[in-house]
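Asks: Structure file structure_34.txt, compact mmCIF, C-alpha atoms and all ligand atoms, is pasted below:
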```
# COMPACT_ATOMS: atom_id res chain seq x y z
CA MET Y 24 75.32 122.17 88.65
CA THR Y 25 71.78 123.47 89.15
CA ALA Y 26 70.09 123.79 92.50
CA ALA Y 27 67.72 120.97 91.53
CA ALA Y 28 70.63 118.64 90.87
CA THR Y 29 71.99 119.13 94.35
CA GLY Y 30 68.70 118.67 96.23
CA ALA Y 31 68.40 115.58 98.37
CA ALA Y 32 65.65 113.07 97.73
CA THR Y 33 62.85 112.61 100.22
CA VAL Y 34 61.24 109.24 100.90
CA ARG Y 35 57.62 108.44 101.76
CA PRO Y 36 55.20 105.49 101.56
CA ALA Y 37 53.65 105.03 98.13
CA ALA Y 38 50.05 106.03 97.48
CA VAL Y 39 47.62 104.64 94.90
CA THR Y 40 47.93 107.90 92.99
CA ASP Y 41 51.64 107.14 92.42
CA ARG Y 42 50.81 104.17 90.11
CA GLY Y 43 51.39 106.08 86.84
CA ALA Y 44 54.61 107.68 88.06
CA LEU Y 45 55.95 104.34 89.26
CA GLU Y 46 55.22 102.69 85.92
CA ALA Y 47 57.00 105.58 84.19
CA VAL Y 48 60.03 105.06 86.45
CA ILE Y 49 60.13 101.37 85.50
CA ARG Y 50 59.66 102.04 81.79
CA SER Y 51 62.39 104.72 81.79
CA ASP Y 52 64.87 101.84 81.90
CA ALA Y 53 65.14 100.57 78.35
CA THR Y 54 67.12 97.52 79.43
CA PHE Y 55 64.27 95.87 81.38
CA ARG Y 56 62.79 92.93 79.47
CA ASP Y 57 59.00 92.65 79.20
CA ASP Y 58 58.90 89.91 81.83
CA GLU Y 59 60.94 92.09 84.22
CA VAL Y 60 58.53 95.01 83.70
CA ALA Y 61 55.62 92.67 84.38
CA VAL Y 62 57.16 91.42 87.65
CA ALA Y 63 58.01 94.96 88.74
CA LEU Y 64 54.43 96.11 88.10
CA GLU Y 65 53.04 93.08 89.93
CA LEU Y 66 55.05 94.06 93.01
CA VAL Y 67 53.89 97.68 92.68
CA ASP Y 68 50.24 96.68 92.36
CA GLY Y 69 50.52 94.28 95.30
CA GLY Y 70 52.07 96.99 97.42
CA LEU Y 71 49.57 99.66 96.42
CA ALA Y 72 46.63 97.35 97.05
CA GLY Y 73 47.89 96.72 100.56
CA SER Y 74 46.97 93.09 99.99
CA SER Y 75 50.50 91.80 100.22
CA ASP Y 76 53.58 92.09 102.37
CA TYR Y 77 55.22 94.33 99.77
CA LEU Y 78 56.14 97.68 101.29
CA LEU Y 79 56.56 100.42 98.72
CA ARG Y 80 58.57 103.54 99.41
CA VAL Y 81 58.89 106.28 96.82
CA ALA Y 82 61.60 108.88 96.43
CA GLU Y 83 60.84 112.40 95.30
CA LEU Y 84 63.12 115.07 93.97
CA ASP Y 85 61.62 118.55 93.73
CA GLY Y 86 58.15 117.10 94.23
CA ALA Y 87 58.40 114.53 91.44
CA VAL Y 88 58.50 110.76 91.95
CA VAL Y 89 61.88 109.62 90.63
CA GLY Y 90 62.31 106.18 92.14
CA TYR Y 91 61.02 103.54 94.46
CA LEU Y 92 61.99 100.58 96.55
CA CYS Y 93 59.92 97.52 97.38
CA TYR Y 94 60.77 95.40 100.39
CA GLY Y 95 59.00 93.14 102.78
CA PRO Y 96 59.26 90.41 105.38
CA THR Y 97 60.57 87.12 104.06
CA PRO Y 98 57.98 84.40 104.62
CA MET Y 99 58.75 81.87 107.35
CA THR Y 100 61.48 83.97 108.96
CA ALA Y 101 61.49 85.84 112.27
CA ARG Y 102 62.95 89.16 111.17
CA THR Y 103 64.45 88.74 107.72
CA PHE Y 104 63.43 91.00 104.89
CA ASP Y 105 63.86 90.91 101.14
CA LEU Y 106 64.68 94.05 99.23
CA TYR Y 107 62.73 92.92 96.18
CA TRP Y 108 63.22 95.79 93.79
CA ILE Y 109 64.74 99.23 93.55
CA VAL Y 110 64.56 101.47 90.50
CA VAL Y 111 65.50 105.09 89.92
CA ALA Y 112 64.31 106.89 86.78
CA ALA Y 113 67.06 106.94 84.21
CA ALA Y 114 67.20 110.76 84.20
CA ALA Y 115 67.60 110.95 87.99
CA ARG Y 116 70.43 108.47 88.47
CA GLY Y 117 73.77 109.26 90.03
CA ARG Y 118 72.29 111.73 92.52
CA GLY Y 119 72.07 109.51 95.56
CA VAL Y 120 68.37 108.65 95.22
CA ALA Y 121 68.83 104.89 95.54
CA GLY Y 122 71.15 105.32 98.51
CA THR Y 123 68.54 107.50 100.21
CA LEU Y 124 65.84 104.87 99.59
CA VAL Y 125 67.93 102.04 101.05
CA ARG Y 126 68.91 104.10 104.09
CA ALA Y 127 65.22 104.93 104.67
CA MET Y 128 64.36 101.22 104.58
CA GLU Y 129 67.16 100.50 107.05
CA ALA Y 130 65.88 103.24 109.39
CA GLU Y 131 62.42 101.64 109.36
CA LEU Y 132 63.94 98.25 110.14
CA ARG Y 133 65.94 99.71 113.02
CA ASP Y 134 62.80 101.36 114.39
CA GLY Y 135 61.18 97.93 114.37
CA GLY Y 136 64.05 96.29 116.24
CA GLY Y 137 66.38 95.48 113.36
CA GLY Y 138 66.59 92.49 111.10
CA ASN Y 139 68.41 90.80 108.27
CA VAL Y 140 68.22 92.06 104.70
CA ARG Y 141 68.60 89.81 101.68
CA ILE Y 142 69.04 91.23 98.21
CA GLU Y 143 69.14 89.12 95.07
CA THR Y 144 70.48 90.33 91.76
CA SER Y 145 72.12 89.15 88.58
CA GLU Y 146 75.73 89.13 87.54
CA THR Y 147 75.00 90.49 84.05
CA ASP Y 148 76.29 93.87 82.91
CA GLY Y 149 72.86 95.49 83.16
CA TYR Y 150 72.91 95.04 86.92
CA GLY Y 151 76.41 96.43 87.46
CA ALA Y 152 75.12 99.69 88.92
CA ALA Y 153 72.94 97.74 91.35
CA ARG Y 154 75.85 95.55 92.47
CA ARG Y 155 78.03 98.60 93.08
CA LEU Y 156 75.18 100.29 94.93
CA TYR Y 157 74.77 97.39 97.37
CA GLU Y 158 78.51 97.09 97.91
CA LYS Y 159 78.87 100.83 98.48
CA LEU Y 160 76.07 100.72 101.05
CA GLY Y 161 77.81 97.94 102.97
CA TYR Y 162 76.02 94.81 101.81
CA PRO Y 163 78.52 91.93 101.54
CA LEU Y 164 78.13 89.36 98.79
CA ALA Y 165 77.01 86.26 100.68
CA GLY Y 166 76.48 83.76 97.92
CA THR Y 167 76.77 83.08 94.21
CA PHE Y 168 74.59 80.60 92.35
CA PRO Y 169 76.18 79.99 88.94
CA ASP Y 170 73.92 79.82 85.86
CA PHE Y 171 70.86 80.43 88.06
CA TYR Y 172 69.06 82.77 85.65
CA GLY Y 173 70.59 81.16 82.57
CA PRO Y 174 73.96 80.12 81.18
CA GLY Y 175 76.57 82.61 82.40
CA ASP Y 176 74.04 84.52 84.48
CA ALA Y 177 74.53 83.83 88.17
CA LEU Y 178 72.25 84.78 91.02
CA LEU Y 179 74.13 86.95 93.52
CA VAL Y 180 72.85 87.23 97.07
CA TYR Y 181 73.82 90.17 99.28
CA TYR Y 182 73.03 89.85 102.96
CA ARG Y 183 73.42 92.11 105.95
CA THR Y 184 72.08 92.48 109.47
CA ILE Y 185 70.66 95.88 110.36
C1 LIG Y 201 70.90 100.71 90.59
C2 LIG Y 201 70.16 102.04 90.66
C3 LIG Y 201 68.89 101.85 91.49
C4 LIG Y 201 71.07 103.10 91.31
O1 LIG Y 201 70.32 104.31 91.48
P1 LIG Y 201 71.05 105.73 91.71
O2 LIG Y 201 70.05 106.63 92.34
O3 LIG Y 201 71.67 106.17 90.46
O4 LIG Y 201 72.18 105.35 92.76
P2 LIG Y 201 72.92 106.39 93.76
O5 LIG Y 201 73.10 107.67 93.05
O6 LIG Y 201 72.19 106.40 95.05
O7 LIG Y 201 74.33 105.67 93.93
C5 LIG Y 201 74.81 105.22 95.17
C6 LIG Y 201 76.11 104.48 94.93
O8 LIG Y 201 75.88 103.34 94.11
C7 LIG Y 201 76.96 103.17 93.20
N1 LIG Y 201 76.47 103.32 91.82
C8 LIG Y 201 75.19 103.58 91.46
N2 LIG Y 201 75.09 103.64 90.11
C9 LIG Y 201 76.34 103.39 89.63
C10 LIG Y 201 76.87 103.28 88.32
N3 LIG Y 201 76.11 103.46 87.21
N4 LIG Y 201 78.19 103.01 88.20
C11 LIG Y 201 78.96 102.85 89.28
N5 LIG Y 201 78.50 102.93 90.55
C12 LIG Y 201 77.21 103.19 90.72
C13 LIG Y 201 77.98 104.23 93.53
O9 LIG Y 201 78.89 103.69 94.46
C14 LIG Y 201 77.14 105.28 94.17
O10 LIG Y 201 77.82 106.05 95.09
P3 LIG Y 201 78.75 107.29 94.61
O11 LIG Y 201 77.94 108.07 93.62
O12 LIG Y 201 79.02 108.02 95.87
O13 LIG Y 201 79.93 106.65 94.00
C15 LIG Y 201 69.78 102.56 89.24
O14 LIG Y 201 70.94 102.54 88.42
C16 LIG Y 201 68.69 101.74 88.56
O15 LIG Y 201 67.50 102.02 88.75
N6 LIG Y 201 69.11 100.75 87.77
C17 LIG Y 201 68.13 99.90 87.05
C18 LIG Y 201 67.31 99.07 88.00
C19 LIG Y 201 68.11 98.01 88.72
O16 LIG Y 201 69.05 97.45 88.22
N7 LIG Y 201 67.64 97.75 89.95
C20 LIG Y 201 68.21 96.72 90.79
C21 LIG Y 201 67.47 95.46 90.56
S1 LIG Y 201 68.25 94.12 91.47
```
So that I can check it, write out the structure of this file as structure tokens.

Replies:
Amino acid sequence: MTAAATGAATVRPAAVTDRGALEAVIRSDATFRDDEVAVALELVDGGLAGSSDYLLRVAELDGAVVGYLCYGPTPMTARTFDLYWIVVAAAARGRGVAGTLVRAMEAELRDGGGGNVRIETSETDGYGAARRLYEKLGYPLAGTFPDFYGPGDALLVYYRTI
């Protein structure tokens, strides 16, 4: 294993200059449908513009942006937050980057007095890594909504208090 492969990711708020790198991270995943790419970029642009409640945090490995997380306060709640999106560049997966991003979000929430975190995902094979990530990080499955996204494609909701 090279030194680069063992380095830990660092996390920081996203800057407008990260836009191209973030789009490249999203497009590195060949399984995202066009509508999923569009939604992901909408969240990124909202977060970068500062005109929304989307908080963008990017992960870097060796100075390069390799992933990001988007979360924000859930409307009409006191201290509940949605983790809207997390993506790690295909070439950087399996090195703990996503775990580092989620732990950084949790640290920010703790600094602000804690809160609840809701994460929604799909039960399809393409989201298997995400499901295992959330379970590994201690997010219990709180609800299943059968056929939510389409026949045989349930919405899964993970929920945890930080
Ligand atoms: C899900 C995703 C963000 C994980 O990123 P990652 O940086 O590779 O994840 P990590 O290396 O931090 O993994 C942390 C833990 O998650 C689990 N995990 C992550 N990817 C996994 C995989 N492909 N298979 C099995 N477990 C996996 C493991 O338990 C892992 O811990 P371990 O390595 O100690 O066993 C990444 O695969 C991705 O971007 N997928 C496409 C986008 C996506 O589905 N986003 C979620 C939308 S709801």

Asks: Find the residues around Y:Ala32 up to 9 Å (only C-alpha atoms counted), leave out those fewer than 6 positions away in its own chain, and share them as a PDB file with C-alpha atoms, in the frame of the given file.

Replies:
```
ATOM      1  CA  ALA Y  82      61.600 108.880  96.430  1.00  0.00           C
ATOM      2  CA  GLU Y  83      60.840 112.400  95.300  1.00  0.00           C
ATOM      3  CA  LEU Y  84      63.120 115.070  93.970  1.00  0.00           C
ATOM      4  CA  ASP Y  85      61.620 118.550  93.730  1.00  0.00           C
ATOM      5  CA  VAL Y  89      61.880 109.620  90.630  1.00  0.00           C
ATOM      6  CA  ARG Y 118      72.290 111.730  92.520  1.00  0.00           C
ATOM      7  CA  GLY Y 119      72.070 109.510  95.560  1.00  0.00           C
ATOM      8  CA  VAL Y 120      68.370 108.650  95.220  1.00  0.00           C
ATOM      9  CA  THR Y 123      68.540 107.500 100.210  1.00  0.00           C
ATOM     10  CA  LEU Y 124      65.840 104.870  99.590  1.00  0.00           C
TER      11      LEU Y 124
END
```

Asks: Residues within 8 Å of stretch 59-66 of chain Y, please, as a compact mmCIF listing (two decimals) with C-alpha atoms, keeping the file's coordinate frame. Count all atoms listed in the file; anything in the same chain fewer than 4 positions from it doesn't count.

Replies:
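After the write, part.txt holds the following:
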```txt
# COMPACT_ATOMS: atom_id res chain seq x y z
CA GLU Y 46 55.22 102.69 85.92
CA ILE Y 49 60.13 101.37 85.50
CA ARG Y 50 59.66 102.04 81.79
CA PHE Y 55 64.27 95.87 81.38
CA GLY Y 70 52.07 96.99 97.42
CA TYR Y 77 55.22 94.33 99.77
CA CYS Y 93 59.92 97.52 97.38
CA TRP Y 108 63.22 95.79 93.79
```

Asks: Could you list the protein, DNA and RNA residues that have any atom within 7 Å of ligand LIG 201 (chain Y), counting only C-alpha atoms and all ligand atoms, and write them as an NGL selection string?

Replies: :Y and (52 or 108-113 or 115-123 or 143-145 or 149-153 or 155-157 or 159)

Asks: Restricting the output to C-alpha atoms, write the selected residues as a compact mmCIF listing (two decimals), in the coordinates of the input.

Replies:
```txt
# COMPACT_ATOMS: atom_id res chain seq x y z
CA ASP Y 52 64.87 101.84 81.90
CA TRP Y 108 63.22 95.79 93.79
CA ILE Y 109 64.74 99.23 93.55
CA VAL Y 110 64.56 101.47 90.50
CA VAL Y 111 65.50 105.09 89.92
CA ALA Y 112 64.31 106.89 86.78
CA ALA Y 113 67.06 106.94 84.21
CA ALA Y 115 67.60 110.95 87.99
CA ARG Y 116 70.43 108.47 88.47
CA GLY Y 117 73.77 109.26 90.03
CA ARG Y 118 72.29 111.73 92.52
CA GLY Y 119 72.07 109.51 95.56
CA VAL Y 120 68.37 108.65 95.22
CA ALA Y 121 68.83 104.89 95.54
CA GLY Y 122 71.15 105.32 98.51
CA THR Y 123 68.54 107.50 100.21
CA GLU Y 143 69.14 89.12 95.07
CA THR Y 144 70.48 90.33 91.76
CA SER Y 145 72.12 89.15 88.58
CA GLY Y 149 72.86 95.49 83.16
CA TYR Y 150 72.91 95.04 86.92
CA GLY Y 151 76.41 96.43 87.46
CA ALA Y 152 75.12 99.69 88.92
CA ALA Y 153 72.94 97.74 91.35
CA ARG Y 155 78.03 98.60 93.08
CA LEU Y 156 75.18 100.29 94.93
CA TYR Y 157 74.77 97.39 97.37
CA LYS Y 159 78.87 100.83 98.48
```

Asks: Counting all atoms listed in the file, figure out which residue out of Y:Ala47, Y:Tyr162, Y:Asp170, Y:Asp41 gets nearest to Y:Arg126.

Replies: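 Nearest candidate to Y:Arg126 out of Y:Ala47, Y:Tyr162, Y:Asp170, Y:Asp41: Y:Tyr162.
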
Asks: I'd like the interatomic distance between atom CA of Y:Gly86 and atom CA of Y:Ala72, to a tenth of an Å.

Replies: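 It comes out at 23.0 Å.
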
Asks: Quick one: distance from atom CA of Y:Val88 to atom CA of Y:Leu45 in Å, one decimal?

Replies: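 Interatomic distance here is 7.4 Å.
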
Asks: I'd like the interatomic distance between atom CA of Y:Phe171 and atom CA of Y:Thr103, to a tenth of an Å.

Replies: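 Separation between atom CA of Y:Phe171 and atom CA of Y:Thr103: 22.3 Å.
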
Asks: Considering only C-alpha atoms, return as a ChimeraX atom specification whatever protein or nucleic-acid residues lie within 12 Å of Y:Gly136, sequence-local ones (same chain, fewer than 6 positions apart) excluded.

Replies: /Y:101-103,129-130,184-185

Asks: So which residues touch Y:Tyr94 within 10 Å, counting all atoms listed in the file, skipping near sequence neighbours fewer than 3 positions away, as a ChimeraX atom specification?

Replies: /Y:66,70,76-80,97,104-109,125,128,140-142

Asks: Using only C-alpha atoms, can you tell me which of Y:Gly166, Y:Gly90, Y:Gly161, Y:Pro96 comes closest to Y:Arg183?

Replies: Y:Gly161

Asks: Write out as a list in words the residues lying within 8 Å of Y:Arg42, counting all atoms listed in the file and excluding same-chain residues fewer than 4 positions away.

Replies: Ala38, Glu46, Val67, Asp68 and Leu71 of chain Y

Asks: What does the file look like for those residues with C-alpha atoms, as a PDB file, in the frame of the given file?

Replies:
```pdb
ATOM      1  CA  ALA Y  38      50.050 106.030  97.480  1.00  0.00           C
ATOM      2  CA  GLU Y  46      55.220 102.690  85.920  1.00  0.00           C
ATOM      3  CA  VAL Y  67      53.890  97.680  92.680  1.00  0.00           C
ATOM      4  CA  ASP Y  68      50.240  96.680  92.360  1.00  0.00           C
ATOM      5  CA  LEU Y  71      49.570  99.660  96.420  1.00  0.00           C
TER       6      LEU Y  71
END
```

Asks: Could you put an axis-aligned box around every listed atom of stretch 98-112 of chain Y, padded by 8 Å on each side, and send me its centre and edge lengths in Å to one decimal, as lines of an AutoDock Vina configuration file?

Replies:
```
center_x = 61.7
center_y = 94.4
center_z = 99.5
size_x = 23.5
size_y = 41.0
size_z = 41.5
```

Asks: Dump N, CA and C atoms of stretch 24-67 of chain Y from the given block, as a PDB file, in the first residue's frame.

Replies:
```
ATOM      1  N   MET Y  24       0.847  -1.196   0.000  1.00  0.00           N
ATOM      2  CA  MET Y  24       0.000   0.000   0.000  1.00  0.00           C
ATOM      3  C   MET Y  24       0.887   1.254   0.000  1.00  0.00           C
ATOM      4  N   THR Y  25       0.540   2.242  -0.822  1.00  0.00           N
ATOM      5  CA  THR Y  25       1.341   3.449  -0.880  1.00  0.00           C
ATOM      6  C   THR Y  25       1.011   4.353   0.286  1.00  0.00           C
ATOM      7  N   ALA Y  26       1.893   5.338   0.495  1.00  0.00           N
ATOM      8  CA  ALA Y  26       1.648   6.296   1.575  1.00  0.00           C
ATOM      9  C   ALA Y  26       0.341   7.030   1.320  1.00  0.00           C
ATOM     10  N   ALA Y  27       0.084   7.378   0.051  1.00  0.00           N
ATOM     11  CA  ALA Y  27      -1.131   8.130  -0.265  1.00  0.00           C
ATOM     12  C   ALA Y  27      -2.368   7.337   0.121  1.00  0.00           C
ATOM     13  N   ALA Y  28      -2.309   6.034  -0.051  1.00  0.00           N
ATOM     14  CA  ALA Y  28      -3.487   5.218   0.211  1.00  0.00           C
ATOM     15  C   ALA Y  28      -3.779   5.085   1.692  1.00  0.00           C
ATOM     16  N   THR Y  29      -2.814   5.426   2.522  1.00  0.00           N
ATOM     17  CA  THR Y  29      -3.050   5.288   3.952  1.00  0.00           C
ATOM     18  C   THR Y  29      -3.367   6.628   4.599  1.00  0.00           C
ATOM     19  N   GLY Y  30      -3.227   7.724   3.844  1.00  0.00           N
ATOM     20  CA  GLY Y  30      -3.482   9.044   4.421  1.00  0.00           C
ATOM     21  C   GLY Y  30      -4.945   9.212   4.757  1.00  0.00           C
ATOM     22  N   ALA Y  31      -5.204   9.945   5.856  1.00  0.00           N
ATOM     23  CA  ALA Y  31      -6.587  10.174   6.250  1.00  0.00           C
ATOM     24  C   ALA Y  31      -7.129  11.395   5.511  1.00  0.00           C
ATOM     25  N   ALA Y  32      -8.419  11.354   5.231  1.00  0.00           N
ATOM     26  CA  ALA Y  32      -9.055  12.487   4.567  1.00  0.00           C
ATOM     27  C   ALA Y  32      -9.208  13.637   5.547  1.00  0.00           C
ATOM     28  N   THR Y  33      -9.183  14.851   5.010  1.00  0.00           N
ATOM     29  CA  THR Y  33      -9.503  16.031   5.797  1.00  0.00           C
ATOM     30  C   THR Y  33     -10.800  16.617   5.256  1.00  0.00           C
ATOM     31  N   VAL Y  34     -11.545  17.290   6.133  1.00  0.00           N
ATOM     32  CA  VAL Y  34     -12.861  17.811   5.759  1.00  0.00           C
ATOM     33  C   VAL Y  34     -12.888  19.322   5.995  1.00  0.00           C
ATOM     34  N   ARG Y  35     -13.487  20.032   5.029  1.00  0.00           N
ATOM     35  CA  ARG Y  35     -13.618  21.491   5.158  1.00  0.00           C
ATOM     36  C   ARG Y  35     -14.900  21.929   4.448  1.00  0.00           C
ATOM     37  N   PRO Y  36     -15.381  23.149   4.750  1.00  0.00           N
ATOM     38  CA  PRO Y  36     -16.535  23.667   4.013  1.00  0.00           C
ATOM     39  C   PRO Y  36     -16.195  23.826   2.534  1.00  0.00           C
ATOM     40  N   ALA Y  37     -17.179  23.646   1.681  1.00  0.00           N
ATOM     41  CA  ALA Y  37     -16.948  23.788   0.244  1.00  0.00           C
ATOM     42  C   ALA Y  37     -16.825  25.255  -0.129  1.00  0.00           C
ATOM     43  N   ALA Y  38     -16.044  25.514  -1.175  1.00  0.00           N
ATOM     44  CA  ALA Y  38     -15.895  26.863  -1.726  1.00  0.00           C
ATOM     45  C   ALA Y  38     -16.395  26.850  -3.173  1.00  0.00           C
ATOM     46  N   VAL Y  39     -16.729  28.029  -3.680  1.00  0.00           N
ATOM     47  CA  VAL Y  39     -17.239  28.129  -5.051  1.00  0.00           C
ATOM     48  C   VAL Y  39     -16.258  27.504  -6.047  1.00  0.00           C
ATOM     49  N   THR Y  40     -14.985  27.626  -5.750  1.00  0.00           N
ATOM     50  CA  THR Y  40     -13.960  27.088  -6.655  1.00  0.00           C
ATOM     51  C   THR Y  40     -13.943  25.553  -6.676  1.00  0.00           C
ATOM     52  N   ASP Y  41     -14.692  24.911  -5.786  1.00  0.00           N
ATOM     53  CA  ASP Y  41     -14.771  23.442  -5.769  1.00  0.00           C
ATOM     54  C   ASP Y  41     -15.795  22.912  -6.778  1.00  0.00           C
ATOM     55  N   ARG Y  42     -16.568  23.792  -7.431  1.00  0.00           N
ATOM     56  CA  ARG Y  42     -17.704  23.351  -8.256  1.00  0.00           C
ATOM     57  C   ARG Y  42     -17.304  22.261  -9.262  1.00  0.00           C
ATOM     58  N   GLY Y  43     -16.211  22.507 -10.010  1.00  0.00           N
ATOM     59  CA  GLY Y  43     -15.779  21.545 -11.033  1.00  0.00           C
ATOM     60  C   GLY Y  43     -15.387  20.211 -10.421  1.00  0.00           C
ATOM     61  N   ALA Y  44     -14.665  20.260  -9.311  1.00  0.00           N
ATOM     62  CA  ALA Y  44     -14.231  19.028  -8.653  1.00  0.00           C
ATOM     63  C   ALA Y  44     -15.426  18.246  -8.119  1.00  0.00           C
ATOM     64  N   LEU Y  45     -16.421  18.961  -7.619  1.00  0.00           N
ATOM     65  CA  LEU Y  45     -17.592  18.278  -7.075  1.00  0.00           C
ATOM     66  C   LEU Y  45     -18.393  17.616  -8.199  1.00  0.00           C
ATOM     67  N   GLU Y  46     -18.506  18.305  -9.328  1.00  0.00           N
ATOM     68  CA  GLU Y  46     -19.203  17.684 -10.463  1.00  0.00           C
ATOM     69  C   GLU Y  46     -18.444  16.447 -10.939  1.00  0.00           C
ATOM     70  N   ALA Y  47     -17.122  16.521 -10.929  1.00  0.00           N
ATOM     71  CA  ALA Y  47     -16.325  15.354 -11.340  1.00  0.00           C
ATOM     72  C   ALA Y  47     -16.535  14.189 -10.373  1.00  0.00           C
ATOM     73  N   VAL Y  48     -16.639  14.479  -9.086  1.00  0.00           N
ATOM     74  CA  VAL Y  48     -16.900  13.422  -8.100  1.00  0.00           C
ATOM     75  C   VAL Y  48     -18.234  12.750  -8.417  1.00  0.00           C
ATOM     76  N   ILE Y  49     -19.255  13.567  -8.677  1.00  0.00           N
ATOM     77  CA  ILE Y  49     -20.583  13.002  -8.984  1.00  0.00           C
ATOM     78  C   ILE Y  49     -20.522  12.169 -10.256  1.00  0.00           C
ATOM     79  N   ARG Y  50     -19.890  12.700 -11.286  1.00  0.00           N
ATOM     80  CA  ARG Y  50     -19.875  12.009 -12.584  1.00  0.00           C
ATOM     81  C   ARG Y  50     -18.940  10.806 -12.612  1.00  0.00           C
ATOM     82  N   SER Y  51     -18.110  10.652 -11.559  1.00  0.00           N
ATOM     83  CA  SER Y  51     -17.233   9.466 -11.507  1.00  0.00           C
ATOM     84  C   SER Y  51     -18.041   8.212 -11.235  1.00  0.00           C
ATOM     85  N   ASP Y  52     -19.292   8.397 -10.784  1.00  0.00           N
ATOM     86  CA  ASP Y  52     -20.143   7.238 -10.487  1.00  0.00           C
ATOM     87  C   ASP Y  52     -21.037   6.963 -11.689  1.00  0.00           C
ATOM     88  N   ALA Y  53     -20.679   5.931 -12.429  1.00  0.00           N
ATOM     89  CA  ALA Y  53     -21.386   5.645 -13.679  1.00  0.00           C
ATOM     90  C   ALA Y  53     -22.806   5.151 -13.449  1.00  0.00           C
ATOM     91  N   THR Y  54     -23.139   4.811 -12.205  1.00  0.00           N
ATOM     92  CA  THR Y  54     -24.471   4.251 -11.959  1.00  0.00           C
ATOM     93  C   THR Y  54     -25.526   5.335 -11.716  1.00  0.00           C
ATOM     94  N   PHE Y  55     -25.104   6.584 -11.499  1.00  0.00           N
ATOM     95  CA  PHE Y  55     -26.102   7.645 -11.279  1.00  0.00           C
ATOM     96  C   PHE Y  55     -26.859   7.914 -12.576  1.00  0.00           C
ATOM     97  N   ARG Y  56     -28.182   7.942 -12.477  1.00  0.00           N
ATOM     98  CA  ARG Y  56     -29.002   8.307 -13.641  1.00  0.00           C
ATOM     99  C   ARG Y  56     -28.899   9.823 -13.866  1.00  0.00           C
ATOM    100  N   ASP Y  57     -29.313  10.278 -15.032  1.00  0.00           N
ATOM    101  CA  ASP Y  57     -29.233  11.707 -15.345  1.00  0.00           C
ATOM    102  C   ASP Y  57     -30.024  12.543 -14.334  1.00  0.00           C
ATOM    103  N   ASP Y  58     -31.199  12.024 -13.929  1.00  0.00           N
ATOM    104  CA  ASP Y  58     -31.997  12.821 -12.989  1.00  0.00           C
ATOM    105  C   ASP Y  58     -31.324  12.882 -11.621  1.00  0.00           C
ATOM    106  N   GLU Y  59     -30.583  11.818 -11.257  1.00  0.00           N
ATOM    107  CA  GLU Y  59     -29.862  11.839  -9.977  1.00  0.00           C
ATOM    108  C   GLU Y  59     -28.696  12.837 -10.040  1.00  0.00           C
ATOM    109  N   VAL Y  60     -28.007  12.868 -11.180  1.00  0.00           N
ATOM    110  CA  VAL Y  60     -26.907  13.842 -11.344  1.00  0.00           C
ATOM    111  C   VAL Y  60     -27.465  15.247 -11.246  1.00  0.00           C
ATOM    112  N   ALA Y  61     -28.620  15.473 -11.873  1.00  0.00           N
ATOM    113  CA  ALA Y  61     -29.219  16.814 -11.852  1.00  0.00           C
ATOM    114  C   ALA Y  61     -29.572  17.237 -10.432  1.00  0.00           C
ATOM    115  N   VAL Y  62     -30.151  16.316  -9.651  1.00  0.00           N
ATOM    116  CA  VAL Y  62     -30.515  16.650  -8.264  1.00  0.00           C
ATOM    117  C   VAL Y  62     -29.257  16.904  -7.435  1.00  0.00           C
ATOM    118  N   ALA Y  63     -28.246  16.071  -7.635  1.00  0.00           N
ATOM    119  CA  ALA Y  63     -26.996  16.248  -6.886  1.00  0.00           C
ATOM    120  C   ALA Y  63     -26.389  17.618  -7.186  1.00  0.00           C
ATOM    121  N   LEU Y  64     -26.379  18.004  -8.462  1.00  0.00           N
ATOM    122  CA  LEU Y  64     -25.791  19.305  -8.831  1.00  0.00           C
ATOM    123  C   LEU Y  64     -26.638  20.468  -8.325  1.00  0.00           C
ATOM    124  N   GLU Y  65     -27.942  20.264  -8.253  1.00  0.00           N
ATOM    125  CA  GLU Y  65     -28.823  21.312  -7.715  1.00  0.00           C
ATOM    126  C   GLU Y  65     -28.483  21.571  -6.240  1.00  0.00           C
ATOM    127  N   LEU Y  66     -28.267  20.487  -5.503  1.00  0.00           N
ATOM    128  CA  LEU Y  66     -27.889  20.633  -4.090  1.00  0.00           C
ATOM    129  C   LEU Y  66     -26.536  21.331  -3.970  1.00  0.00           C
ATOM    130  N   VAL Y  67     -25.589  20.929  -4.817  1.00  0.00           N
ATOM    131  CA  VAL Y  67     -24.257  21.545  -4.789  1.00  0.00           C
ATOM    132  C   VAL Y  67     -24.365  23.034  -5.077  1.00  0.00           C
TER     133      VAL Y  67
END
```
